[in-house]
Each structure stands twice: as C-alpha cells, then as structure tokens.
>>> print(open('final_31.cif').read())   # mmCIF, C-alpha atoms
data_start
loop_
_atom_site.label_atom_id
_atom_site.label_comp_id
_atom_site.auth_asym_id
_atom_site.auth_seq_id
_atom_site.Cartn_x
_atom_site.Cartn_y
_atom_site.Cartn_z
CA MET B 1 -25.12 264.44 -24.13
CA GLY B 2 -24.31 268.03 -23.24
CA THR B 3 -24.83 270.60 -25.96
CA ILE B 4 -25.87 269.85 -29.55
CA PHE B 5 -25.00 272.16 -32.43
CA THR B 6 -27.45 271.98 -35.32
CA ASN B 7 -25.84 271.20 -38.71
CA PHE B 8 -22.42 271.50 -37.01
CA SER B 9 -22.58 275.22 -37.54
CA PHE B 10 -22.14 277.90 -34.96
CA SER B 11 -24.57 280.21 -36.72
CA PHE B 12 -27.54 278.39 -35.16
CA PRO B 13 -28.40 278.60 -31.49
CA ARG B 14 -27.30 275.78 -29.20
CA ILE B 15 -29.78 273.28 -27.83
CA ASN B 16 -29.36 272.02 -24.25
CA VAL B 17 -30.37 268.39 -23.86
CA LEU B 18 -31.69 267.26 -20.48
CA ALA B 19 -30.93 263.53 -20.49
CA ASN B 20 -33.15 262.87 -17.46
CA ASN B 21 -36.19 263.82 -19.55
CA LEU B 22 -35.36 261.31 -22.32
CA PHE B 23 -36.18 258.20 -20.29
CA PRO B 24 -38.84 257.44 -17.71
CA CYS B 25 -37.86 257.78 -14.07
CA VAL B 26 -36.61 254.50 -12.56
CA GLN B 27 -38.07 253.49 -9.23
CA TYR B 28 -35.61 251.72 -6.92
CA PRO B 29 -35.38 248.96 -6.00
CA VAL B 30 -36.24 247.60 -9.43
CA PRO B 31 -38.93 244.90 -9.57
CA THR B 32 -37.92 241.24 -9.42
CA GLY B 33 -39.00 240.59 -13.01
CA THR B 34 -36.56 243.11 -14.49
CA PRO B 35 -34.38 241.34 -17.10
CA LEU B 36 -30.64 241.21 -16.45
CA ILE B 37 -28.22 242.97 -18.77
CA SER B 38 -25.32 240.59 -18.06
CA PRO B 39 -26.25 238.10 -20.85
CA TYR B 40 -25.78 240.94 -23.35
CA ILE B 41 -22.26 241.76 -22.18
CA ALA B 42 -19.33 239.67 -23.46
CA TRP B 43 -15.73 240.17 -22.40
CA ASP B 44 -13.00 239.92 -25.01
CA HIS B 45 -10.13 237.92 -23.46
CA SER B 46 -8.20 237.47 -26.70
CA GLN B 47 -5.56 240.06 -25.79
CA ILE B 48 -3.08 239.44 -22.96
CA TRP B 49 -1.91 242.39 -20.87
CA ASP B 50 1.10 242.56 -18.57
CA VAL B 51 0.05 242.96 -14.97
CA PRO B 52 2.67 244.75 -12.85
CA LYS B 53 3.79 243.23 -9.56
CA PRO B 54 4.61 245.33 -6.47
CA GLU B 55 8.35 244.77 -6.99
CA ASP B 56 8.05 246.40 -10.44
CA PHE B 57 7.42 249.76 -8.78
CA PRO B 58 10.05 251.77 -6.92
CA THR B 59 9.14 252.41 -3.33
CA GLY B 60 9.09 255.83 -1.78
CA SER B 61 6.75 258.75 -2.15
CA GLY B 62 6.44 261.92 -4.15
CA GLY B 63 9.67 263.22 -5.59
CA SER B 64 11.86 261.00 -3.47
CA GLY B 65 13.92 258.29 -5.06
CA ALA B 66 13.60 254.58 -4.83
CA ALA B 67 14.37 253.23 -1.37
CA THR B 68 15.29 249.70 -0.41
CA VAL B 69 15.43 248.43 3.16
CA TYR B 70 18.04 245.79 3.94
CA ASN B 71 17.75 243.68 7.09
CA ILE B 72 21.16 242.83 8.50
CA ASP B 73 20.75 239.76 10.72
CA VAL B 74 23.77 238.86 12.87
CA ASN B 75 22.21 235.99 14.82
CA PRO B 76 24.47 232.90 15.01
CA GLU B 77 22.33 230.93 12.51
CA SER B 78 22.28 233.81 9.98
CA PRO B 79 24.53 233.81 6.89
CA GLU B 80 25.57 237.38 7.86
CA HIS B 81 26.93 236.28 11.24
CA TYR B 82 30.47 236.66 9.86
CA LEU B 83 30.00 240.44 10.26
CA MET B 84 30.51 239.95 14.01
CA GLY B 85 34.21 239.57 13.21
CA HIS B 86 34.44 243.16 11.92
CA CYS B 87 35.35 244.64 15.29
CA ILE B 88 37.03 248.05 15.58
CA ASP B 89 37.86 249.60 18.98
CA GLY B 90 35.77 246.94 20.70
CA ARG B 91 32.65 247.70 18.64
CA VAL B 92 31.16 245.55 15.90
CA LEU B 93 30.71 247.87 12.91
CA TYR B 94 29.03 247.34 9.58
CA PRO B 95 31.87 247.37 7.01
CA ALA B 96 32.29 250.41 4.75
CA THR B 97 32.41 248.15 1.69
CA GLY B 98 29.03 246.76 2.79
CA TYR B 99 27.46 250.20 2.28
CA LEU B 100 28.86 250.27 -1.25
CA VAL B 101 27.45 246.81 -2.01
CA LEU B 102 24.02 247.86 -0.71
CA ALA B 103 24.08 250.99 -2.89
CA TRP B 104 25.12 248.83 -5.86
CA ARG B 105 22.28 246.37 -5.20
CA THR B 106 19.78 249.23 -4.94
CA LEU B 107 20.92 250.68 -8.26
CA ALA B 108 20.77 247.26 -9.93
CA ARG B 109 17.27 246.67 -8.54
CA SER B 110 16.05 250.03 -9.84
CA LEU B 111 17.39 249.14 -13.30
CA GLY B 112 15.91 245.64 -13.20
CA THR B 113 19.23 243.80 -13.31
CA THR B 114 21.74 242.17 -10.96
CA ILE B 115 25.04 243.46 -9.61
CA GLU B 116 26.87 240.76 -11.58
CA GLU B 117 25.55 242.32 -14.81
CA LEU B 118 26.08 245.95 -13.78
CA PRO B 119 29.68 247.14 -13.50
CA ILE B 120 29.94 250.50 -11.73
CA VAL B 121 32.54 252.94 -10.39
CA PHE B 122 31.99 254.77 -7.10
CA GLU B 123 33.27 258.35 -6.91
CA ASP B 124 33.32 260.89 -4.09
CA VAL B 125 32.09 258.44 -1.46
CA THR B 126 31.41 259.89 1.98
CA ILE B 127 30.29 257.73 4.89
CA HIS B 128 28.99 260.06 7.58
CA GLN B 129 28.61 257.64 10.46
CA ALA B 130 29.42 254.03 11.25
CA THR B 131 26.62 251.61 12.04
CA ILE B 132 27.20 249.67 15.25
CA LEU B 133 25.73 246.19 14.96
CA PRO B 134 24.04 244.59 17.98
CA LYS B 135 25.37 241.32 19.41
CA LYS B 136 22.09 239.63 18.39
CA GLY B 137 19.14 240.63 16.31
CA LEU B 138 18.34 242.68 13.27
CA THR B 139 19.56 246.04 11.99
CA GLN B 140 17.68 247.77 9.19
CA LEU B 141 19.58 249.87 6.70
CA GLU B 142 17.67 251.94 4.14
CA VAL B 143 19.36 252.91 0.90
CA ARG B 144 17.70 255.65 -1.11
CA LEU B 145 18.61 256.35 -4.72
CA MET B 146 17.98 259.96 -5.67
CA PRO B 147 17.43 259.96 -9.47
CA ALA B 148 17.69 263.72 -9.96
CA SER B 149 21.13 264.02 -8.37
CA GLN B 150 22.21 260.43 -9.11
CA CYS B 151 23.29 260.11 -5.48
CA PHE B 152 22.62 257.62 -2.72
CA GLU B 153 21.52 258.34 0.85
#
>>> encode(input="final_31.cif", output="structure tokens")
Amino acid sequence: MGTIFTNFSFSFPRINVLANNLFPCVQYPVPTGTPLISPYIAWDHSQIWDVPKPEDFPTGSGGSGAATVYNIDVNPESPEHYLMGHCIDGRVLYPATGYLVLAWRTLARSLGTTIEELPIVFEDVTIHQATILPKKGLTQLEVRLMPASQCFE
C-alpha cells in the first residue's frame, strides 16, 4: 500500500496508509470453521515450461569456469584398462593425448554438443606434470574450462 498521492499530483500532501488498521486483527490459530481459500484458487497448466536439469548447468563456483571430473578406472574389467600398456621408464602414465581428449570433451559438454560434431585445433599446449596411474583403482582428473581466457586447467 505504501504512500498514496491524491489526484496523482505532488502539490497535495502525501497520505500514509497503515494496512494493519484496514482489517480486523486475526487471532491465531484460526477457528475450525474458517472457510478454506483453496477452492477459489485455480492453477493454469495450459503453458509448458522447460525445467532445467542439473547437467544443463556448468559446475564450479563464482567466477571460475566449468569443471568436469573424469574418473579413470584401470581395473582389469574396465574399458580403460588398455592404459596400463602406456608405460614409460617403468611407470604407467596417463597419455598426453588423453589430456587433449578430456579438454575437448569438456569444451563440447559446455557447448552442449559432442566431440564428433566439434572440430577443434589445440595451440600452445603445455602439460606441466605427468599423471602416474595406479596398478588398480580409480584416478580422478578435473578439467576446468576458463571462459574469460579461453584456456583449460
């Protein structure tokens, strides 16, 4: 309700309306005979709205870019067990091309497409450290797309 201006003109003084004084005070709890208001309310379901799913939102917080966590499973029954053959100096390392594929998948996911439909070119690629894979179990790799710099971490 707030403030009412008479005749929509500022030349008259304002009137402050105290809404609490317009209606009688309600005593709680209300009596059992109080009529319900629900029969007077009807919902209009004629329009259909898209409801977003969690995967429609990029993960991450604040100004950070979208991050995707990839679980690399090298157990014998896993489809990624072939990575155990990528052995350098006696250590099983995650392949450098694997990092590029994960970055590509993260970009495609953020754009809502697949890597088959998104041709890209990598430039100025720097891999700071190799990931040593365990003989069994899971390794988690997080790929973060930084939209402002258009870089991956």
>>> resolve_selection(input="final_31.cif", expression="the PyMOL selection byres ((chain B and resi 135) around 12)", output="PDB file with C-alpha atoms, in the coordinates of the input")
ATOM      1  CA  ILE B  72      21.160 242.830   8.500  1.00  0.00           C
ATOM      2  CA  ASP B  73      20.750 239.760  10.720  1.00  0.00           C
ATOM      3  CA  VAL B  74      23.770 238.860  12.870  1.00  0.00           C
ATOM      4  CA  ASN B  75      22.210 235.990  14.820  1.00  0.00           C
ATOM      5  CA  PRO B  76      24.470 232.900  15.010  1.00  0.00           C
ATOM      6  CA  HIS B  81      26.930 236.280  11.240  1.00  0.00           C
ATOM      7  CA  TYR B  82      30.470 236.660   9.860  1.00  0.00           C
ATOM      8  CA  LEU B  83      30.000 240.440  10.260  1.00  0.00           C
ATOM      9  CA  MET B  84      30.510 239.950  14.010  1.00  0.00           C
ATOM     10  CA  GLY B  85      34.210 239.570  13.210  1.00  0.00           C
ATOM     11  CA  HIS B  86      34.440 243.160  11.920  1.00  0.00           C
ATOM     12  CA  CYS B  87      35.350 244.640  15.290  1.00  0.00           C
ATOM     13  CA  GLY B  90      35.770 246.940  20.700  1.00  0.00           C
ATOM     14  CA  ARG B  91      32.650 247.700  18.640  1.00  0.00           C
ATOM     15  CA  VAL B  92      31.160 245.550  15.900  1.00  0.00           C
ATOM     16  CA  LEU B  93      30.710 247.870  12.910  1.00  0.00           C
ATOM     17  CA  ILE B 132      27.200 249.670  15.250  1.00  0.00           C
ATOM     18  CA  LEU B 133      25.730 246.190  14.960  1.00  0.00           C
ATOM     19  CA  PRO B 134      24.040 244.590  17.980  1.00  0.00           C
ATOM     20  CA  LYS B 136      22.090 239.630  18.390  1.00  0.00           C
ATOM     21  CA  GLY B 137      19.140 240.630  16.310  1.00  0.00           C
ATOM     22  CA  LEU B 138      18.340 242.680  13.270  1.00  0.00           C
ATOM     23  CA  THR B 139      19.560 246.040  11.990  1.00  0.00           C
TER      24      THR B 139
END
>>> residues_near_point(input="final_31.cif", point="(31.8, 250.9, 3.6)", cutoff="6 Å", atoms="all atoms listed in the file", output="ChimeraX atom specification")
/B:95-100
>>> atom_distance(input="final_31.cif", atom1="atom CA of Lys53 of chain B", atom2="atom CA of Phe152 of chain B")
24.7 Å
>>> residues_around(input="final_31.cif", residues="Leu118 of chain B", least_positions_apart="6", cutoff="9 Å", atoms="only C-alpha atoms", output="list in words")
Trp104, Leu107 and Ala108 of chain B
>>> atom_distance(input="final_31.cif", atom1="atom CA of His128 of chain B", atom2="atom CA of Ala103 of chain B")
14.7 Å
>>> atom_distance(input="final_31.cif", atom1="atom CA of Ile120 of chain B", atom2="atom CA of Ala67 of chain B")
18.9 Å
>>> residues_near_point(input="final_31.cif", point="(23.3, 244.7, -5.4)", cutoff="6 Å", atoms="all atoms listed in the file", output="PyMOL selection string")
chain B and resi 101-102+104-106+108+115
>>> closest_residue(input="final_31.cif", among="B:Asn21, B:Val121, B:Ser110, B:Tyr70", to="Glu142 of chain B", atoms="all atoms listed in the file")
B:Tyr70
